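Before any comments, here is the structure.
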Amino acid sequence: MADREVASVDDGRRAGNGRRSRVSMADVARVAGVSSQTVSRVSNGDPAVIEKTRQKVLDAMRQLGYRPNSAARALKRGEFRTIGVITMSLSSTGNVRTLEAIAKCASAAGYAVTLIPLDAPTQDNVRGAFTRLDELAVDAVVLIMEVHLLDTASLTLPPHVKVVVVDSDAGDRFHVVDTDQQQGARTAVRHLLELGHRTVWHVAGPEESFAAGRREAAWEATLVEEGCEVPPVLRGDWAPESGYEAGLRLAEEPGCTAVFVANDQMALGVLRALHERGKRVPEDVSVVGFDDIPEAGSFIPPLTTVHQDFARVGELCVDAVLRELRGETVEGGTTLVPTRLAVRASTAPRANGEAG
């Protein structure tokens, strides 16, 4: 009987071109011998449906090739089980690794991720990204962006969308998850001072970067606290080429025996420049980076660097989003993820000096 009914459904739902149109819930109900309401309850995983009936409905779905309309079910429930991510760059190690962690954690919780990359952090771009995510139906948004670059007072976000921000200075306007930039920088500088270096030079990131600013401020504050001279800042743009240019200048500074570089990519450029100018690392100059990218241990010499736990940042972003979606109160402010120093061969005691 079931086979004859399936055939009749197929025959009755074929269009003029011979292709079968979409199977409906009513079709499944007829084949299974149940009501459409029962099919709906099975589709939504209602535990109250008895097992024998559930199996009849599932068998009918398989026979007919029925696929539940997830979009319609999402609209009915008022949730889409999708998290949107807006990010400025997919070339940044931190952004990519944080995004990877967000995607993995979201998937484990049964959520998909929709990514919107931006060319520039303008209000129009951000508004456009939120509009697109609203059209694509997301429940929450993780914003990986320097919020201080926006005039957030005039930036209107969709009121029904929960927002969590990564690596920024959004203050109490949003919940922020960030690496403890200051702790990491202080650890790097103190490591070099404890090796007997009289001061530490700094290759900073771009002025508009919140992370770069925090690292630079912590570097300077640590030197002042320890009574050390504060050398002039050399500034780069996160790329190895800018680190190389800074390294050429550092090689000409006779008193430079230790350098804290704001990221590992620029540190790579510094190492190359020092090598080309005949400066040995770490015998003549010790170098510390920041990020602990996967390649850091393969630099020549292997790079001492501040390890950022990007996976934990991503996990905490998803956790905050899910708590908001459950109706829990997630206050504004910042959750900081601790760093640790990965000590390798690029740092050593100052020549002709004692550690401590």
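A note on labels: chains of the structure tokens are A, B, ... as shown, every chain counts residues from 1, and ligands are counted from 1 in their shown order.
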Surrounding residues of Val164 in chain A excluding itself and chain neighbours under 5 positions, 10 Å, only C-alpha atoms, as a PyMOL selection string: chain A and resi 85+140-144+170+173-177+316-318+320-321+324+330+332
With N, CA and C atoms retained, export the selected residues as an mmCIF file, in the first residue's frame.
```cif
data_model
loop_
_atom_site.group_PDB
_atom_site.id
_atom_site.type_symbol
_atom_site.label_atom_id
_atom_site.label_comp_id
_atom_site.auth_asym_id
_atom_site.auth_seq_id
_atom_site.Cartn_x
_atom_site.Cartn_y
_atom_site.Cartn_z
ATOM 1 N N VAL A 85 29.762 36.720 11.868
ATOM 2 C CA VAL A 85 31.071 37.260 12.255
ATOM 3 C C VAL A 85 31.448 38.347 11.255
ATOM 4 N N ALA A 140 23.074 36.245 16.452
ATOM 5 C CA ALA A 140 24.036 37.061 17.177
ATOM 6 C C ALA A 140 25.209 37.376 16.258
ATOM 7 N N VAL A 141 25.997 38.376 16.660
ATOM 8 C CA VAL A 141 27.141 38.799 15.844
ATOM 9 C C VAL A 141 28.379 38.922 16.722
ATOM 10 N N VAL A 142 29.483 38.377 16.229
ATOM 11 C CA VAL A 142 30.792 38.616 16.844
ATOM 12 C C VAL A 142 31.522 39.598 15.943
ATOM 13 N N LEU A 143 31.947 40.708 16.516
ATOM 14 C CA LEU A 143 32.586 41.789 15.769
ATOM 15 C C LEU A 143 34.076 41.779 16.088
ATOM 16 N N ILE A 144 34.914 41.382 15.111
ATOM 17 C CA ILE A 144 36.363 41.374 15.303
ATOM 18 C C ILE A 144 36.886 42.659 14.670
ATOM 19 N N ALA A 170 35.844 48.709 23.214
ATOM 20 C CA ALA A 170 34.439 49.095 23.172
ATOM 21 C C ALA A 170 33.892 49.462 24.537
ATOM 22 N N ARG A 173 29.995 49.454 26.194
ATOM 23 C CA ARG A 173 28.933 49.442 25.180
ATOM 24 C C ARG A 173 28.594 48.019 24.743
ATOM 25 N N PHE A 174 29.608 47.166 24.724
ATOM 26 C CA PHE A 174 29.411 45.770 24.349
ATOM 27 C C PHE A 174 30.224 44.904 25.303
ATOM 28 N N HIS A 175 29.971 43.600 25.244
ATOM 29 C CA HIS A 175 30.847 42.684 25.952
ATOM 30 C C HIS A 175 32.061 42.421 25.068
ATOM 31 N N VAL A 176 33.254 42.601 25.625
ATOM 32 C CA VAL A 176 34.498 42.463 24.870
ATOM 33 C C VAL A 176 35.291 41.272 25.392
ATOM 34 N N VAL A 177 35.849 40.497 24.478
ATOM 35 C CA VAL A 177 36.784 39.425 24.826
ATOM 36 C C VAL A 177 38.119 39.775 24.190
ATOM 37 N N LEU A 316 35.387 31.916 24.368
ATOM 38 C CA LEU A 316 34.687 32.845 25.248
ATOM 39 C C LEU A 316 33.697 33.713 24.481
ATOM 40 N N CYS A 317 34.020 34.027 23.227
ATOM 41 C CA CYS A 317 33.069 34.784 22.398
ATOM 42 C C CYS A 317 31.790 33.983 22.201
ATOM 43 N N VAL A 318 31.933 32.728 21.820
ATOM 44 C CA VAL A 318 30.759 31.884 21.589
ATOM 45 C C VAL A 318 30.002 31.667 22.898
ATOM 46 N N ALA A 320 29.780 33.708 25.452
ATOM 47 C CA ALA A 320 29.029 34.925 25.765
ATOM 48 C C ALA A 320 27.795 35.053 24.880
ATOM 49 N N VAL A 321 27.947 34.720 23.605
ATOM 50 C CA VAL A 321 26.818 34.774 22.670
ATOM 51 C C VAL A 321 25.717 33.807 23.106
ATOM 52 N N GLU A 324 23.808 34.997 26.147
ATOM 53 C CA GLU A 324 22.845 36.031 25.792
ATOM 54 C C GLU A 324 21.619 35.443 25.118
ATOM 55 N N VAL A 330 24.490 39.420 30.128
ATOM 56 C CA VAL A 330 25.933 39.491 29.869
ATOM 57 C C VAL A 330 26.307 40.964 29.888
ATOM 58 N N GLY A 332 28.322 44.569 29.873
ATOM 59 C CA GLY A 332 29.408 45.155 29.095
ATOM 60 C C GLY A 332 30.701 45.085 29.879
#
```
If we count only C-alpha atoms, what is near Cys105 in chain A at a cut-off of 10 Å, once residues fewer than 6 positions away on the same chain are taken out, given as a PyMOL selection string? chain A and resi 99+111-112+311+314-319
Contact residues around Ala267 in chain A with only C-alpha atoms at 7 Å, ignoring same-chain residues under 6 positions, as an MDAnalysis selection string: chainID A and resid 243 261 289
Taking the backbone alone, and naming residues the way the document does, which bits of range 187-305 of chain A are strand (DSSP E or B) by DSSP, as a list in words? Trp201, His202, Val203, Ala204, Leu234, Arg235, Ala258, Val259, Phe260, Val261, Ser286, Val287, Val288, Gly289, Phe290, Asp291, Thr304 and Thr305 of chain A
Those residues you just picked out, can you put them in a file as a PDB file, in the first residue's frame with N, CA, C and O atoms?
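The resulting file, result_1.pdb, is shown below:
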```pdb
ATOM      1  N   TRP A 201      64.397  48.216  23.669  1.00  0.00           N
ATOM      2  CA  TRP A 201      63.835  48.994  22.568  1.00  0.00           C
ATOM      3  C   TRP A 201      62.518  48.357  22.134  1.00  0.00           C
ATOM      4  O   TRP A 201      62.254  47.189  22.431  1.00  0.00           O
ATOM      5  N   HIS A 202      61.705  49.133  21.419  1.00  0.00           N
ATOM      6  CA  HIS A 202      60.385  48.624  21.034  1.00  0.00           C
ATOM      7  C   HIS A 202      60.057  48.959  19.585  1.00  0.00           C
ATOM      8  O   HIS A 202      60.184  50.109  19.155  1.00  0.00           O
ATOM      9  N   VAL A 203      59.646  47.922  18.842  1.00  0.00           N
ATOM     10  CA  VAL A 203      59.077  48.120  17.510  1.00  0.00           C
ATOM     11  C   VAL A 203      57.570  47.946  17.670  1.00  0.00           C
ATOM     12  O   VAL A 203      57.078  46.841  17.899  1.00  0.00           O
ATOM     13  N   ALA A 204      56.850  49.062  17.595  1.00  0.00           N
ATOM     14  CA  ALA A 204      55.418  49.062  17.869  1.00  0.00           C
ATOM     15  C   ALA A 204      54.602  48.822  16.602  1.00  0.00           C
ATOM     16  O   ALA A 204      55.095  48.963  15.482  1.00  0.00           O
ATOM     17  N   LEU A 234      60.120  52.796  17.594  1.00  0.00           N
ATOM     18  CA  LEU A 234      60.142  52.576  16.147  1.00  0.00           C
ATOM     19  C   LEU A 234      58.815  51.930  15.790  1.00  0.00           C
ATOM     20  O   LEU A 234      58.385  50.986  16.464  1.00  0.00           O
ATOM     21  N   ARG A 235      58.168  52.426  14.731  1.00  0.00           N
ATOM     22  CA  ARG A 235      56.814  51.967  14.452  1.00  0.00           C
ATOM     23  C   ARG A 235      56.735  51.226  13.122  1.00  0.00           C
ATOM     24  O   ARG A 235      57.328  51.643  12.128  1.00  0.00           O
ATOM     25  N   ALA A 258      68.543  44.677  23.407  1.00  0.00           N
ATOM     26  CA  ALA A 258      67.291  43.940  23.594  1.00  0.00           C
ATOM     27  C   ALA A 258      66.155  44.680  22.892  1.00  0.00           C
ATOM     28  O   ALA A 258      66.073  45.916  22.972  1.00  0.00           O
ATOM     29  N   VAL A 259      65.292  43.912  22.214  1.00  0.00           N
ATOM     30  CA  VAL A 259      64.175  44.501  21.464  1.00  0.00           C
ATOM     31  C   VAL A 259      62.906  43.701  21.739  1.00  0.00           C
ATOM     32  O   VAL A 259      62.907  42.475  21.670  1.00  0.00           O
ATOM     33  N   PHE A 260      61.837  44.433  22.059  1.00  0.00           N
ATOM     34  CA  PHE A 260      60.506  43.835  22.155  1.00  0.00           C
ATOM     35  C   PHE A 260      59.724  44.291  20.932  1.00  0.00           C
ATOM     36  O   PHE A 260      59.523  45.487  20.724  1.00  0.00           O
ATOM     37  N   VAL A 261      59.302  43.337  20.119  1.00  0.00           N
ATOM     38  CA  VAL A 261      58.600  43.630  18.865  1.00  0.00           C
ATOM     39  C   VAL A 261      57.122  43.285  19.047  1.00  0.00           C
ATOM     40  O   VAL A 261      56.777  42.237  19.607  1.00  0.00           O
ATOM     41  N   SER A 286      69.062  40.547  21.902  1.00  0.00           N
ATOM     42  CA  SER A 286      67.969  39.622  22.193  1.00  0.00           C
ATOM     43  C   SER A 286      66.667  40.177  21.614  1.00  0.00           C
ATOM     44  O   SER A 286      66.428  41.390  21.663  1.00  0.00           O
ATOM     45  N   VAL A 287      65.826  39.289  21.079  1.00  0.00           N
ATOM     46  CA  VAL A 287      64.583  39.724  20.430  1.00  0.00           C
ATOM     47  C   VAL A 287      63.407  38.904  20.971  1.00  0.00           C
ATOM     48  O   VAL A 287      63.472  37.676  21.040  1.00  0.00           O
ATOM     49  N   VAL A 288      62.332  39.618  21.336  1.00  0.00           N
ATOM     50  CA  VAL A 288      61.087  38.987  21.773  1.00  0.00           C
ATOM     51  C   VAL A 288      59.956  39.476  20.878  1.00  0.00           C
ATOM     52  O   VAL A 288      59.851  40.675  20.592  1.00  0.00           O
ATOM     53  N   GLY A 289      59.100  38.565  20.441  1.00  0.00           N
ATOM     54  CA  GLY A 289      57.938  38.925  19.638  1.00  0.00           C
ATOM     55  C   GLY A 289      56.652  38.842  20.436  1.00  0.00           C
ATOM     56  O   GLY A 289      56.658  38.766  21.672  1.00  0.00           O
ATOM     57  N   PHE A 290      55.533  38.843  19.718  1.00  0.00           N
ATOM     58  CA  PHE A 290      54.215  38.773  20.357  1.00  0.00           C
ATOM     59  C   PHE A 290      53.261  38.068  19.396  1.00  0.00           C
ATOM     60  O   PHE A 290      53.152  38.468  18.232  1.00  0.00           O
ATOM     61  N   ASP A 291      52.611  37.023  19.836  1.00  0.00           N
ATOM     62  CA  ASP A 291      51.582  36.256  19.130  1.00  0.00           C
ATOM     63  C   ASP A 291      51.844  34.764  19.276  1.00  0.00           C
ATOM     64  O   ASP A 291      50.937  34.000  19.499  1.00  0.00           O
ATOM     65  N   THR A 304      61.673  33.744  20.887  1.00  0.00           N
ATOM     66  CA  THR A 304      60.988  33.931  22.164  1.00  0.00           C
ATOM     67  C   THR A 304      59.835  34.905  21.923  1.00  0.00           C
ATOM     68  O   THR A 304      60.028  35.970  21.324  1.00  0.00           O
ATOM     69  N   THR A 305      58.638  34.548  22.371  1.00  0.00           N
ATOM     70  CA  THR A 305      57.480  35.378  22.037  1.00  0.00           C
ATOM     71  C   THR A 305      56.364  35.204  23.056  1.00  0.00           C
ATOM     72  O   THR A 305      56.340  34.216  23.805  1.00  0.00           O
TER      73      THR A 305
END
```
Identify, on the basis of only C-alpha atoms, every residue whose closest approach to Val28 in chain A does not exceed 8 Å; exclude the query and any residue fewer than 6 positions from it along the same chain; express the result as a ChimeraX atom specification. /A:36,39,57,60-61,64,66
Write the selection just made, keeping all heavy atoms, as a short mmCIF file (atom, residue, chain, number, x, y, z; two decimals), in the first residue's frame?
```
data_model
loop_
_atom_site.label_atom_id
_atom_site.label_comp_id
_atom_site.auth_asym_id
_atom_site.auth_seq_id
_atom_site.Cartn_x
_atom_site.Cartn_y
_atom_site.Cartn_z
N SER A 36 -0.62 15.96 9.68
CA SER A 36 0.50 16.87 9.38
C SER A 36 1.12 17.41 10.65
O SER A 36 2.32 17.68 10.72
CB SER A 36 0.00 18.03 8.50
OG SER A 36 -0.40 17.55 7.23
N VAL A 39 3.71 15.00 11.80
CA VAL A 39 4.93 15.12 11.01
C VAL A 39 5.74 16.33 11.47
O VAL A 39 6.97 16.27 11.59
CB VAL A 39 4.58 15.26 9.51
CG1 VAL A 39 5.85 15.50 8.68
CG2 VAL A 39 3.86 14.02 9.01
N VAL A 57 6.90 7.94 10.47
CA VAL A 57 7.08 9.25 9.82
C VAL A 57 8.46 9.35 9.18
O VAL A 57 8.60 9.81 8.04
CB VAL A 57 6.87 10.39 10.84
CG1 VAL A 57 7.24 11.75 10.22
CG2 VAL A 57 5.41 10.41 11.32
N ALA A 60 8.56 7.37 5.99
CA ALA A 60 7.86 8.07 4.91
C ALA A 60 8.71 9.22 4.37
O ALA A 60 8.75 9.47 3.16
CB ALA A 60 6.51 8.60 5.42
N MET A 61 9.40 9.92 5.25
CA MET A 61 10.29 11.01 4.81
C MET A 61 11.38 10.47 3.88
O MET A 61 11.68 11.07 2.85
CB MET A 61 10.93 11.70 6.03
CG MET A 61 9.99 12.56 6.84
SD MET A 61 10.87 13.31 8.24
CE MET A 61 9.60 14.38 8.91
N LEU A 64 9.97 9.40 0.42
CA LEU A 64 9.57 10.52 -0.44
C LEU A 64 10.71 11.50 -0.72
O LEU A 64 10.56 12.39 -1.54
CB LEU A 64 8.41 11.27 0.20
CG LEU A 64 7.10 10.49 0.37
CD1 LEU A 64 6.08 11.33 1.12
CD2 LEU A 64 6.55 10.08 -0.98
N TYR A 66 11.77 13.61 1.52
CA TYR A 66 11.31 14.86 2.16
C TYR A 66 12.43 15.51 2.96
O TYR A 66 13.15 14.84 3.69
CB TYR A 66 10.12 14.57 3.07
CG TYR A 66 9.66 15.76 3.88
CD1 TYR A 66 8.92 16.78 3.29
CD2 TYR A 66 9.97 15.86 5.24
CE1 TYR A 66 8.49 17.87 4.03
CE2 TYR A 66 9.55 16.95 5.99
CZ TYR A 66 8.82 17.95 5.38
OH TYR A 66 8.40 19.03 6.12
#
```
Just how far from CA of Pro47 in chain A is CA of Asp59 in chain A, in Å to one decimal?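 A separation of 17.4 Å between them.
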When distances are computed from only C-alpha atoms, which of A:Leu136, A:Leu271, A:Val34, A:Met266 shows the smallest separation from Ile293 in chain A?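 Answer, going by the shortest atom-to-atom distance: A:Met266.
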Residue with the minimum atom-to-atom distance to Gly184 in chain A, picked from A:Met145, A:Leu274, A:Ala217, A:Met88 with only C-alpha atoms counted, is A:Ala217
